[in-house]
>>> print(open('coords31.tsv').read())   # TSV, C-alpha atoms
chain	number	residue	atom	x	y	z
A	264	MET	CA	-21.80	-17.74	-14.52
A	265	LYS	CA	-20.73	-17.92	-10.87
A	266	GLY	CA	-19.40	-15.57	-8.25
A	267	ARG	CA	-21.54	-12.70	-6.97
A	268	VAL	CA	-19.54	-9.49	-6.52
A	269	LEU	CA	-20.97	-6.41	-4.81
A	270	ILE	CA	-19.11	-3.32	-6.00
A	271	CYS	CA	-19.23	-0.16	-3.87
A	272	ALA	CA	-17.69	2.58	-5.97
A	273	GLY	CA	-18.21	5.73	-8.02
A	274	SER	CA	-19.61	6.01	-11.53
A	275	ASP	CA	-17.41	7.06	-14.48
A	276	SER	CA	-19.54	8.66	-17.18
A	277	GLY	CA	-16.81	7.90	-19.72
A	278	GLY	CA	-17.13	4.17	-19.09
A	279	GLY	CA	-13.44	3.45	-18.64
A	280	ALA	CA	-13.12	3.33	-14.87
A	281	GLY	CA	-15.27	3.15	-11.76
A	282	ILE	CA	-18.50	1.17	-11.60
A	283	GLN	CA	-18.61	0.81	-15.38
A	284	ALA	CA	-15.17	-0.81	-15.55
A	285	ASP	CA	-15.99	-2.95	-12.52
A	286	ILE	CA	-19.17	-4.37	-14.04
A	287	LYS	CA	-17.44	-5.07	-17.35
A	288	ALA	CA	-14.48	-6.83	-15.71
A	289	VAL	CA	-16.58	-9.04	-13.45
A	290	THR	CA	-18.86	-9.95	-16.35
A	291	ALA	CA	-15.95	-10.75	-18.69
A	292	LEU	CA	-14.61	-13.15	-16.07
A	293	ASP	CA	-17.98	-14.90	-15.82
A	294	GLY	CA	-19.03	-13.40	-12.50
A	295	PHE	CA	-22.21	-11.57	-11.54
A	296	ALA	CA	-21.78	-7.87	-10.72
A	297	MET	CA	-24.01	-5.89	-8.35
A	298	THR	CA	-23.50	-2.28	-7.31
A	299	ALA	CA	-23.85	0.35	-4.63
A	300	ILE	CA	-22.94	3.65	-6.28
A	301	THR	CA	-21.11	6.03	-3.95
A	302	ALA	CA	-20.69	9.04	-6.26
A	303	LEU	CA	-21.41	10.29	-9.76
A	304	THR	CA	-18.65	11.84	-11.84
A	305	ALA	CA	-18.61	13.87	-15.02
A	306	GLN	CA	-15.51	12.25	-16.49
A	307	ASN	CA	-13.78	11.33	-19.73
A	308	THR	CA	-10.29	10.35	-20.88
A	309	LEU	CA	-9.07	13.92	-20.32
A	310	GLY	CA	-10.03	14.10	-16.65
A	311	VAL	CA	-12.76	14.58	-14.07
A	312	GLN	CA	-14.93	17.64	-14.60
A	313	GLY	CA	-17.22	17.18	-11.60
A	314	VAL	CA	-18.16	14.91	-8.69
A	315	LEU	CA	-21.55	14.51	-7.02
A	316	GLY	CA	-21.55	12.44	-3.85
A	317	ILE	CA	-24.44	10.11	-3.00
A	318	GLU	CA	-26.09	10.64	0.38
A	319	PRO	CA	-24.68	8.06	2.84
A	320	GLY	CA	-28.12	6.82	3.86
A	321	PHE	CA	-28.89	5.89	0.28
A	322	ILE	CA	-25.52	4.15	-0.09
A	323	ARG	CA	-26.51	2.06	2.93
A	324	ALA	CA	-29.89	1.33	1.35
A	325	GLN	CA	-28.27	0.06	-1.86
A	326	ILE	CA	-25.95	-2.27	0.04
A	327	ALA	CA	-28.73	-3.57	2.28
A	328	SER	CA	-31.02	-4.14	-0.69
A	329	VAL	CA	-28.43	-6.23	-2.52
A	330	LEU	CA	-27.08	-8.23	0.40
A	331	ASP	CA	-30.43	-8.99	2.02
A	332	ASP	CA	-31.77	-10.55	-1.19
A	333	LEU	CA	-29.01	-11.54	-3.61
A	334	GLY	CA	-26.10	-12.00	-1.23
A	335	ALA	CA	-22.45	-11.75	-2.25
A	336	ASP	CA	-19.42	-14.03	-2.59
A	337	ALA	CA	-17.04	-11.06	-2.59
A	338	VAL	CA	-17.16	-7.29	-2.14
A	339	LYS	CA	-15.06	-4.74	-3.99
A	340	THR	CA	-14.71	-1.10	-2.93
A	341	GLY	CA	-13.42	1.71	-5.09
A	342	MET	CA	-14.07	5.43	-4.79
A	343	LEU	CA	-15.24	6.21	-1.24
A	344	HIS	CA	-14.75	9.95	-1.37
A	345	ASP	CA	-15.24	11.06	2.24
A	346	SER	CA	-15.47	9.80	5.82
A	347	PRO	CA	-19.29	9.46	5.98
A	348	THR	CA	-19.19	7.33	2.81
A	349	ILE	CA	-16.45	5.09	4.20
A	350	GLU	CA	-18.34	4.70	7.48
A	351	ALA	CA	-21.59	3.86	5.67
A	352	VAL	CA	-20.01	1.19	3.45
A	353	CYS	CA	-18.01	-0.38	6.26
A	354	ASP	CA	-20.97	-0.49	8.66
A	355	GLU	CA	-23.27	-2.20	6.17
A	356	VAL	CA	-20.72	-4.68	4.82
A	357	ALA	CA	-19.50	-5.61	8.30
A	358	SER	CA	-23.02	-6.26	9.57
A	359	ARG	CA	-24.56	-7.88	6.46
A	360	ALA	CA	-21.61	-9.72	4.88
A	361	PRO	CA	-19.28	-10.78	7.70
A	362	GLY	CA	-16.50	-13.05	6.52
A	363	VAL	CA	-17.09	-12.29	2.83
A	364	PRO	CA	-13.79	-11.50	1.03
A	365	LEU	CA	-13.37	-7.76	0.42
A	366	VAL	CA	-10.97	-6.26	-2.11
A	367	ALA	CA	-10.35	-2.58	-1.39
A	368	ASP	CA	-8.91	-0.32	-4.08
A	369	PRO	CA	-7.98	2.78	-2.03
A	370	VAL	CA	-8.83	5.28	-4.76
A	371	MET	CA	-7.33	8.67	-3.91
A	372	VAL	CA	-6.54	10.48	-7.16
A	373	ALA	CA	-7.89	10.04	-10.70
A	374	LYS	CA	-5.53	9.33	-13.59
A	375	GLY	CA	-5.77	12.96	-14.68
A	376	GLY	CA	-4.88	14.26	-11.21
A	377	HIS	CA	-8.33	15.08	-9.75
A	378	ARG	CA	-8.47	14.23	-6.03
A	379	LEU	CA	-11.13	11.58	-5.35
A	380	LEU	CA	-10.63	11.13	-1.59
A	381	ALA	CA	-10.93	13.99	0.89
A	382	ALA	CA	-7.64	14.57	2.72
A	383	ASP	CA	-9.30	14.20	6.11
A	384	ALA	CA	-10.77	10.83	5.09
A	385	VAL	CA	-7.42	9.03	4.85
A	386	GLU	CA	-7.36	8.22	8.56
A	387	THR	CA	-10.96	6.96	8.40
A	388	LEU	CA	-10.01	4.70	5.50
A	389	LYS	CA	-7.06	3.32	7.47
A	390	ARG	CA	-9.10	2.87	10.64
A	391	ARG	CA	-12.29	1.38	9.18
A	392	LEU	CA	-11.71	-0.08	5.72
A	393	LEU	CA	-8.28	-1.65	5.93
A	394	PRO	CA	-9.05	-3.99	8.87
A	395	LEU	CA	-12.23	-5.09	7.05
A	396	ALA	CA	-10.40	-5.87	3.80
A	397	THR	CA	-9.02	-9.19	2.61
A	398	LEU	CA	-6.74	-7.39	0.16
A	399	ILE	CA	-5.88	-3.78	-0.64
A	400	THR	CA	-4.53	-2.81	-4.06
A	401	PRO	CA	-2.75	0.56	-3.79
A	402	ASN	CA	-0.60	2.08	-6.50
A	403	ILE	CA	2.65	3.73	-5.44
A	404	PRO	CA	1.26	7.23	-4.64
A	405	GLU	CA	-1.55	5.65	-2.60
A	406	ALA	CA	0.89	3.35	-0.83
A	407	GLU	CA	3.09	6.31	0.08
A	408	VAL	CA	0.11	7.99	1.76
A	409	LEU	CA	-1.01	4.83	3.59
A	410	SER	CA	2.45	3.74	4.71
A	411	GLY	CA	4.02	7.15	5.28
A	412	ARG	CA	7.04	5.98	3.29
A	413	GLU	CA	8.67	7.26	0.14
A	414	ILE	CA	8.82	4.57	-2.56
A	415	ARG	CA	11.54	4.85	-5.20
A	416	ASP	CA	12.51	1.24	-5.90
A	417	GLU	CA	11.46	-2.35	-5.32
A	418	THR	CA	13.14	-2.56	-1.92
A	419	GLU	CA	11.10	0.40	-0.74
A	420	MET	CA	7.96	-1.18	-2.25
A	421	ARG	CA	8.50	-4.22	-0.05
A	422	ALA	CA	9.10	-2.08	3.03
A	423	ALA	CA	5.93	-0.04	2.38
A	424	ALA	CA	3.89	-3.21	1.87
A	425	GLU	CA	5.13	-4.60	5.17
A	426	THR	CA	4.20	-1.33	6.89
A	427	MET	CA	0.68	-1.50	5.46
A	428	LEU	CA	0.28	-5.04	6.79
A	429	THR	CA	0.65	-3.60	10.29
A	430	LEU	CA	-2.52	-1.52	9.71
A	431	GLY	CA	-4.69	-4.63	10.02
A	432	VAL	CA	-5.08	-5.77	6.42
A	433	PRO	CA	-3.98	-9.38	5.77
A	434	ALA	CA	-2.70	-8.85	2.21
A	435	VAL	CA	-1.36	-5.96	0.12
A	436	LEU	CA	-0.94	-5.90	-3.65
A	437	LEU	CA	1.36	-2.93	-4.26
A	438	LYS	CA	1.27	-2.04	-7.94
A	439	GLY	CA	4.48	-0.74	-9.49
A	440	GLY	CA	3.09	0.95	-12.60
A	441	HIS	CA	4.28	4.39	-11.49
A	442	MET	CA	7.91	3.25	-11.44
A	443	GLU	CA	10.20	4.15	-14.31
A	444	GLY	CA	11.70	1.50	-16.59
A	445	ASN	CA	10.77	-1.11	-19.15
A	446	ARG	CA	9.83	-3.75	-16.56
A	447	LEU	CA	6.78	-3.54	-14.32
A	448	VAL	CA	6.84	-5.20	-10.89
A	449	ASP	CA	3.88	-5.76	-8.54
A	450	ILE	CA	4.36	-7.04	-4.99
A	451	LEU	CA	1.78	-9.22	-3.20
A	452	ALA	CA	2.65	-9.20	0.50
A	453	THR	CA	1.10	-11.28	3.27
A	454	PRO	CA	2.39	-12.20	6.73
A	455	GLU	CA	3.61	-15.46	5.15
A	456	GLY	CA	5.83	-13.71	2.61
A	457	VAL	CA	5.98	-11.91	-0.73
A	458	THR	CA	4.95	-13.02	-4.21
A	459	ARG	CA	6.55	-11.02	-7.00
A	460	PHE	CA	4.95	-10.46	-10.41
A	461	GLU	CA	7.02	-9.00	-13.27
A	462	ASP	CA	6.13	-8.19	-16.87
A	463	ALA	CA	7.34	-6.03	-19.72
A	464	ARG	CA	5.77	-2.60	-19.60
A	465	ILE	CA	3.21	-1.94	-22.36
A	466	ASP	CA	3.97	1.40	-24.03
A	467	THR	CA	0.51	2.95	-24.32
A	468	ARG	CA	-1.61	5.85	-23.16
A	469	HIS	CA	-4.67	3.59	-22.89
A	470	THR	CA	-4.52	2.79	-19.19
A	471	HIS	CA	-7.63	4.54	-17.83
A	472	GLY	CA	-9.32	2.34	-15.25
A	473	THR	CA	-6.56	-0.21	-14.81
A	474	GLY	CA	-6.73	-0.03	-11.01
A	475	CYS	CA	-10.51	-0.42	-10.87
A	476	THR	CA	-10.39	-3.23	-13.41
A	477	LEU	CA	-7.66	-5.19	-11.63
A	478	ALA	CA	-9.31	-4.98	-8.21
A	479	SER	CA	-12.66	-6.12	-9.64
A	480	ALA	CA	-11.02	-8.95	-11.57
A	481	ILE	CA	-9.37	-10.16	-8.37
A	482	ALA	CA	-12.67	-9.88	-6.47
A	483	ALA	CA	-14.33	-11.99	-9.17
A	484	GLY	CA	-11.65	-14.64	-8.72
A	485	LEU	CA	-12.09	-14.74	-4.96
A	486	ALA	CA	-15.88	-14.93	-5.42
A	487	GLN	CA	-15.34	-17.95	-7.67
A	488	GLY	CA	-13.21	-19.73	-5.09
A	489	LEU	CA	-9.73	-19.02	-6.45
A	490	GLY	CA	-6.88	-18.67	-3.98
A	491	LEU	CA	-5.43	-15.20	-3.49
A	492	VAL	CA	-2.29	-15.70	-5.60
A	493	GLU	CA	-4.27	-17.36	-8.38
A	494	ALA	CA	-6.90	-14.61	-8.35
A	495	VAL	CA	-4.21	-11.92	-8.57
A	496	ALA	CA	-2.37	-13.74	-11.37
A	497	ARG	CA	-5.54	-14.18	-13.44
A	498	GLY	CA	-6.57	-10.58	-12.80
A	499	ARG	CA	-3.20	-9.30	-14.01
A	500	ARG	CA	-3.40	-11.43	-17.17
A	501	TYR	CA	-6.86	-10.05	-17.86
A	502	VAL	CA	-5.78	-6.43	-17.41
A	503	ARG	CA	-2.75	-6.87	-19.65
A	504	ALA	CA	-4.90	-8.42	-22.38
A	505	ALA	CA	-7.44	-5.60	-22.02
A	506	ILE	CA	-4.69	-2.97	-22.36
A	507	GLU	CA	-3.22	-4.68	-25.42
A	508	ALA	CA	-6.69	-4.77	-27.05
A	509	ALA	CA	-7.61	-1.17	-26.09
A	510	PRO	CA	-9.97	0.41	-28.64
A	511	GLY	CA	-8.09	3.71	-28.86
A	512	TYR	CA	-10.93	5.99	-27.79
A	513	GLY	CA	-10.51	9.52	-26.45
A	514	GLY	CA	-7.83	12.15	-26.54
A	515	GLY	CA	-6.28	11.40	-23.15
A	516	HIS	CA	-5.82	8.28	-21.04
A	517	GLY	CA	-7.98	5.92	-23.07
A	518	PRO	CA	-10.07	3.00	-21.80
A	519	LEU	CA	-9.27	-0.70	-21.94
A	520	ASN	CA	-11.11	-3.35	-23.93
A	521	HIS	CA	-12.93	-5.08	-21.09
A	522	ALA	CA	-14.51	-7.61	-23.47
A	523	VAL	CA	-11.31	-9.64	-23.83
A	524	ARG	CA	-11.26	-13.23	-22.60
A	525	VAL	CA	-8.46	-14.93	-20.70
A	526	ALA	CA	-7.97	-18.51	-19.57
>>> encode(input="coords31.tsv", output="structure tokens")
Amino acid sequence: MKGRVLICAGSDSGGGAGIQADIKAVTALDGFAMTAITALTAQNTLGVQGVLGIEPGFIRAQIASVLDDLGADAVKTGMLHDSPTIEAVCDEVASRAPGVPLVADPVMVAKGGHRLLAADAVETLKRRLLPLATLITPNIPEAEVLSGREIRDETEMRAAAETMLTLGVPAVLLKGGHMEGNRLVDILATPEGVTRFEDARIDTRHTHGTGCTLASAIAAGLAQGLGLVEAVARGRRYVRAAIEAAPGYGGGHGPLNHAVRVA
């Protein structure tokens, strides 16, 4: 086991997304997961029934406790539901883990439609988190908010990714899962150019937690010394395998099988 990953995110009581998915993904990829929980949710495959935020001072305490003793080879952020939470996470990570790769999943809305980021916190996220990140992993609705652009096709995906690069983040993985069609395209954009990933779409309702899982899988790769493109490619293979092996639980958007192994 190698690669210490500190995950700053919310808890999903249903186990399919959030901290639970993050821990499972990092562990399946032979990394070591540590956590700073930012919020508790009452959640299942049908949606989010409630959210309880953690006091920012205690979020800071969790991060300090982990980094001052165990250290980290990568940091992953997920649900940071309001501006005080974003400020707390960014302050502690910047001061205690400077230079450590950070993968930021800009979680805004749950799969079932429940808003997980306060509307007035978007500017804080852009101002504080994005310049601290090594990579951000927005889906199309999140990318539209961050870039201010409408995204209807691959050309507009590329344009939105380039716009997000101007916000201070060195790399953007724009996920195309919300696009229509039988093919799924993700765009990894850096100032050096674009790497395109394409696969056949898997026809399934069991996709709860895919964003959390992918970001954590990439963070595990970076923690283990993989290059960015290699970490993204392995993370995508892992998520696809986990979707294909989904256990079929729940009546809504079901969870993945995080226990799958990939090369």
>>> closest_residue(input="coords31.tsv", among="A:Ile403, A:Ala483, A:Val311, A:Leu428", to="Ile270 of chain A", atoms="all atoms listed in the file")
A:Ala483
>>> residues_around(input="coords31.tsv", residues="Met442 of chain A", least_positions_apart="4", cutoff="12 Å", atoms="only C-alpha atoms", output="mmCIF file with C-alpha atoms, in the frame of the given file")
data_model
loop_
_atom_site.group_PDB
_atom_site.id
_atom_site.type_symbol
_atom_site.label_atom_id
_atom_site.label_comp_id
_atom_site.auth_asym_id
_atom_site.auth_seq_id
_atom_site.Cartn_x
_atom_site.Cartn_y
_atom_site.Cartn_z
ATOM 1 C CA ASN A 402 -0.600 2.080 -6.500
ATOM 2 C CA ILE A 403 2.650 3.730 -5.440
ATOM 3 C CA PRO A 404 1.260 7.230 -4.640
ATOM 4 C CA ILE A 414 8.820 4.570 -2.560
ATOM 5 C CA ARG A 415 11.540 4.850 -5.200
ATOM 6 C CA ASP A 416 12.510 1.240 -5.900
ATOM 7 C CA GLU A 417 11.460 -2.350 -5.320
ATOM 8 C CA GLU A 419 11.100 0.400 -0.740
ATOM 9 C CA MET A 420 7.960 -1.180 -2.250
ATOM 10 C CA LEU A 437 1.360 -2.930 -4.260
ATOM 11 C CA LYS A 438 1.270 -2.040 -7.940
ATOM 12 C CA ARG A 446 9.830 -3.750 -16.560
ATOM 13 C CA LEU A 447 6.780 -3.540 -14.320
ATOM 14 C CA VAL A 448 6.840 -5.200 -10.890
ATOM 15 C CA ASP A 449 3.880 -5.760 -8.540
ATOM 16 C CA ARG A 464 5.770 -2.600 -19.600
#
>>> residues_near_point(input="coords31.tsv", point="(-21.4, -0.7, -8.3)", cutoff="9 Å", atoms="all atoms listed in the file", output="ChimeraX atom specification")
/A:269-274,281-283,285-286,296-301,339-341
>>> residues_near_point(input="coords31.tsv", point="(-8.5, -5.2, -4.1)", cutoff="10 Å", atoms="all atoms listed in the file", output="list in words")
Val338, Lys339, Thr340, Gly341, Pro364, Leu365, Val366, Ala367, Asp368, Pro369, Ala396, Thr397, Leu398, Ile399, Thr400, Pro401, Ala434, Val435, Leu436, Gly474, Cys475, Thr476, Leu477, Ala478, Ser479, Ala480, Ile481, Ala482 and Val495 of chain A
>>> closest_residue(input="coords31.tsv", among="A:Thr467, A:Thr304, A:Thr418, A:Ser328", to="Gly511 of chain A", atoms="all atoms listed in the file")
A:Thr467
>>> closest_residue(input="coords31.tsv", among="A:Ala382, A:Leu409, A:Val268, A:Ala508", to="Ala335 of chain A", atoms="all atoms listed in the file")
A:Val268
>>> closest_residue(input="coords31.tsv", among="A:Asp331, A:Val363, A:Leu309, A:Ala291", to="Gly513 of chain A", atoms="all atoms listed in the file")
A:Leu309
>>> closest_residue(input="coords31.tsv", among="A:Gly362, A:Gly278, A:Gly439, A:Gly411", to="Glu386 of chain A", atoms="all atoms listed in the file")
A:Gly411
>>> build_atoms(input="coords31.tsv", residues="segment 288-323 of chain A", atoms="N, CA and C atoms", output="PDB file, in the frame of the given file")
ATOM      1  N   ALA A 288     -15.527  -5.859 -16.063  1.00  0.00           N
ATOM      2  CA  ALA A 288     -14.480  -6.830 -15.710  1.00  0.00           C
ATOM      3  C   ALA A 288     -15.070  -8.073 -15.071  1.00  0.00           C
ATOM      4  N   VAL A 289     -15.971  -7.884 -14.113  1.00  0.00           N
ATOM      5  CA  VAL A 289     -16.580  -9.040 -13.450  1.00  0.00           C
ATOM      6  C   VAL A 289     -17.357  -9.884 -14.451  1.00  0.00           C
ATOM      7  N   THR A 290     -18.076  -9.234 -15.344  1.00  0.00           N
ATOM      8  CA  THR A 290     -18.860  -9.950 -16.350  1.00  0.00           C
ATOM      9  C   THR A 290     -17.960 -10.719 -17.314  1.00  0.00           C
ATOM     10  N   ALA A 291     -16.874 -10.091 -17.757  1.00  0.00           N
ATOM     11  CA  ALA A 291     -15.950 -10.750 -18.690  1.00  0.00           C
ATOM     12  C   ALA A 291     -15.332 -11.992 -18.084  1.00  0.00           C
ATOM     13  N   LEU A 292     -15.203 -11.995 -16.752  1.00  0.00           N
ATOM     14  CA  LEU A 292     -14.610 -13.150 -16.070  1.00  0.00           C
ATOM     15  C   LEU A 292     -15.678 -14.103 -15.538  1.00  0.00           C
ATOM     16  N   ASP A 293     -16.880 -13.969 -16.076  1.00  0.00           N
ATOM     17  CA  ASP A 293     -17.980 -14.900 -15.820  1.00  0.00           C
ATOM     18  C   ASP A 293     -18.527 -14.812 -14.404  1.00  0.00           C
ATOM     19  N   GLY A 294     -18.412 -13.633 -13.797  1.00  0.00           N
ATOM     20  CA  GLY A 294     -19.030 -13.400 -12.500  1.00  0.00           C
ATOM     21  C   GLY A 294     -20.310 -12.598 -12.659  1.00  0.00           C
ATOM     22  N   PHE A 295     -20.980 -12.345 -11.535  1.00  0.00           N
ATOM     23  CA  PHE A 295     -22.210 -11.570 -11.540  1.00  0.00           C
ATOM     24  C   PHE A 295     -21.997 -10.309 -10.709  1.00  0.00           C
ATOM     25  N   ALA A 296     -22.070  -9.144 -11.372  1.00  0.00           N
ATOM     26  CA  ALA A 296     -21.780  -7.870 -10.720  1.00  0.00           C
ATOM     27  C   ALA A 296     -23.044  -7.204 -10.201  1.00  0.00           C
ATOM     28  N   MET A 297     -22.958  -6.690  -8.970  1.00  0.00           N
ATOM     29  CA  MET A 297     -24.010  -5.890  -8.350  1.00  0.00           C
ATOM     30  C   MET A 297     -23.362  -4.623  -7.818  1.00  0.00           C
ATOM     31  N   THR A 298     -24.142  -3.554  -7.619  1.00  0.00           N
ATOM     32  CA  THR A 298     -23.500  -2.280  -7.310  1.00  0.00           C
ATOM     33  C   THR A 298     -24.197  -1.499  -6.200  1.00  0.00           C
ATOM     34  N   ALA A 299     -23.392  -0.721  -5.499  1.00  0.00           N
ATOM     35  CA  ALA A 299     -23.850   0.350  -4.630  1.00  0.00           C
ATOM     36  C   ALA A 299     -23.031   1.576  -5.045  1.00  0.00           C
ATOM     37  N   ILE A 300     -23.657   2.506  -5.725  1.00  0.00           N
ATOM     38  CA  ILE A 300     -22.940   3.650  -6.280  1.00  0.00           C
ATOM     39  C   ILE A 300     -22.725   4.707  -5.200  1.00  0.00           C
ATOM     40  N   THR A 301     -21.470   5.097  -5.007  1.00  0.00           N
ATOM     41  CA  THR A 301     -21.110   6.030  -3.950  1.00  0.00           C
ATOM     42  C   THR A 301     -21.016   7.474  -4.418  1.00  0.00           C
ATOM     43  N   ALA A 302     -20.821   7.685  -5.714  1.00  0.00           N
ATOM     44  CA  ALA A 302     -20.690   9.040  -6.260  1.00  0.00           C
ATOM     45  C   ALA A 302     -20.907   8.991  -7.763  1.00  0.00           C
ATOM     46  N   LEU A 303     -21.334  10.120  -8.318  1.00  0.00           N
ATOM     47  CA  LEU A 303     -21.410  10.290  -9.760  1.00  0.00           C
ATOM     48  C   LEU A 303     -20.291  11.221 -10.185  1.00  0.00           C
ATOM     49  N   THR A 304     -19.662  10.926 -11.310  1.00  0.00           N
ATOM     50  CA  THR A 304     -18.650  11.840 -11.840  1.00  0.00           C
ATOM     51  C   THR A 304     -18.982  12.223 -13.271  1.00  0.00           C
ATOM     52  N   ALA A 305     -18.657  13.451 -13.620  1.00  0.00           N
ATOM     53  CA  ALA A 305     -18.610  13.870 -15.020  1.00  0.00           C
ATOM     54  C   ALA A 305     -17.155  13.690 -15.426  1.00  0.00           C
ATOM     55  N   GLN A 306     -16.891  12.702 -16.288  1.00  0.00           N
ATOM     56  CA  GLN A 306     -15.510  12.250 -16.490  1.00  0.00           C
ATOM     57  C   GLN A 306     -15.340  11.702 -17.895  1.00  0.00           C
ATOM     58  N   ASN A 307     -14.139  11.906 -18.450  1.00  0.00           N
ATOM     59  CA  ASN A 307     -13.780  11.330 -19.730  1.00  0.00           C
ATOM     60  C   ASN A 307     -12.291  10.987 -19.713  1.00  0.00           C
ATOM     61  N   THR A 308     -11.701  10.736 -20.866  1.00  0.00           N
ATOM     62  CA  THR A 308     -10.290  10.350 -20.880  1.00  0.00           C
ATOM     63  C   THR A 308      -9.361  11.514 -20.557  1.00  0.00           C
ATOM     64  N   LEU A 309      -9.893  12.739 -20.589  1.00  0.00           N
ATOM     65  CA  LEU A 309      -9.070  13.920 -20.320  1.00  0.00           C
ATOM     66  C   LEU A 309      -9.053  14.300 -18.853  1.00  0.00           C
ATOM     67  N   GLY A 310     -10.015  13.779 -18.071  1.00  0.00           N
ATOM     68  CA  GLY A 310     -10.030  14.100 -16.650  1.00  0.00           C
ATOM     69  C   GLY A 310     -11.412  14.068 -16.060  1.00  0.00           C
ATOM     70  N   VAL A 311     -11.489  14.529 -14.808  1.00  0.00           N
ATOM     71  CA  VAL A 311     -12.760  14.580 -14.070  1.00  0.00           C
ATOM     72  C   VAL A 311     -13.221  16.033 -14.033  1.00  0.00           C
ATOM     73  N   GLN A 312     -14.409  16.285 -14.560  1.00  0.00           N
ATOM     74  CA  GLN A 312     -14.930  17.640 -14.600  1.00  0.00           C
ATOM     75  C   GLN A 312     -15.852  17.964 -13.423  1.00  0.00           C
ATOM     76  N   GLY A 313     -16.347  16.932 -12.739  1.00  0.00           N
ATOM     77  CA  GLY A 313     -17.220  17.180 -11.600  1.00  0.00           C
ATOM     78  C   GLY A 313     -17.527  15.900 -10.845  1.00  0.00           C
ATOM     79  N   VAL A 314     -17.828  16.039  -9.547  1.00  0.00           N
ATOM     80  CA  VAL A 314     -18.160  14.910  -8.690  1.00  0.00           C
ATOM     81  C   VAL A 314     -19.397  15.260  -7.869  1.00  0.00           C
ATOM     82  N   LEU A 315     -20.349  14.354  -7.832  1.00  0.00           N
ATOM     83  CA  LEU A 315     -21.550  14.510  -7.020  1.00  0.00           C
ATOM     84  C   LEU A 315     -21.660  13.307  -6.093  1.00  0.00           C
ATOM     85  N   GLY A 316     -21.484  13.526  -4.806  1.00  0.00           N
ATOM     86  CA  GLY A 316     -21.550  12.440  -3.850  1.00  0.00           C
ATOM     87  C   GLY A 316     -22.976  11.972  -3.605  1.00  0.00           C
ATOM     88  N   ILE A 317     -23.141  10.684  -3.348  1.00  0.00           N
ATOM     89  CA  ILE A 317     -24.440  10.110  -3.000  1.00  0.00           C
ATOM     90  C   ILE A 317     -24.622  10.176  -1.484  1.00  0.00           C
ATOM     91  N   GLU A 318     -25.810  10.517  -1.037  1.00  0.00           N
ATOM     92  CA  GLU A 318     -26.090  10.640   0.380  1.00  0.00           C
ATOM     93  C   GLU A 318     -25.828   9.303   1.086  1.00  0.00           C
ATOM     94  N   PRO A 319     -25.088   9.309   2.202  1.00  0.00           N
ATOM     95  CA  PRO A 319     -24.680   8.060   2.840  1.00  0.00           C
ATOM     96  C   PRO A 319     -25.838   7.125   3.183  1.00  0.00           C
ATOM     97  N   GLY A 320     -26.988   7.667   3.556  1.00  0.00           N
ATOM     98  CA  GLY A 320     -28.120   6.820   3.860  1.00  0.00           C
ATOM     99  C   GLY A 320     -28.588   6.017   2.665  1.00  0.00           C
ATOM    100  N   PHE A 321     -28.477   6.613   1.481  1.00  0.00           N
ATOM    101  CA  PHE A 321     -28.890   5.890   0.280  1.00  0.00           C
ATOM    102  C   PHE A 321     -27.824   4.878  -0.156  1.00  0.00           C
ATOM    103  N   ILE A 322     -26.565   5.153   0.139  1.00  0.00           N
ATOM    104  CA  ILE A 322     -25.520   4.150  -0.090  1.00  0.00           C
ATOM    105  C   ILE A 322     -25.806   2.922   0.778  1.00  0.00           C
ATOM    106  N   ARG A 323     -26.153   3.160   2.037  1.00  0.00           N
ATOM    107  CA  ARG A 323     -26.510   2.060   2.930  1.00  0.00           C
ATOM    108  C   ARG A 323     -27.696   1.268   2.386  1.00  0.00           C
TER     109      ARG A 323
END
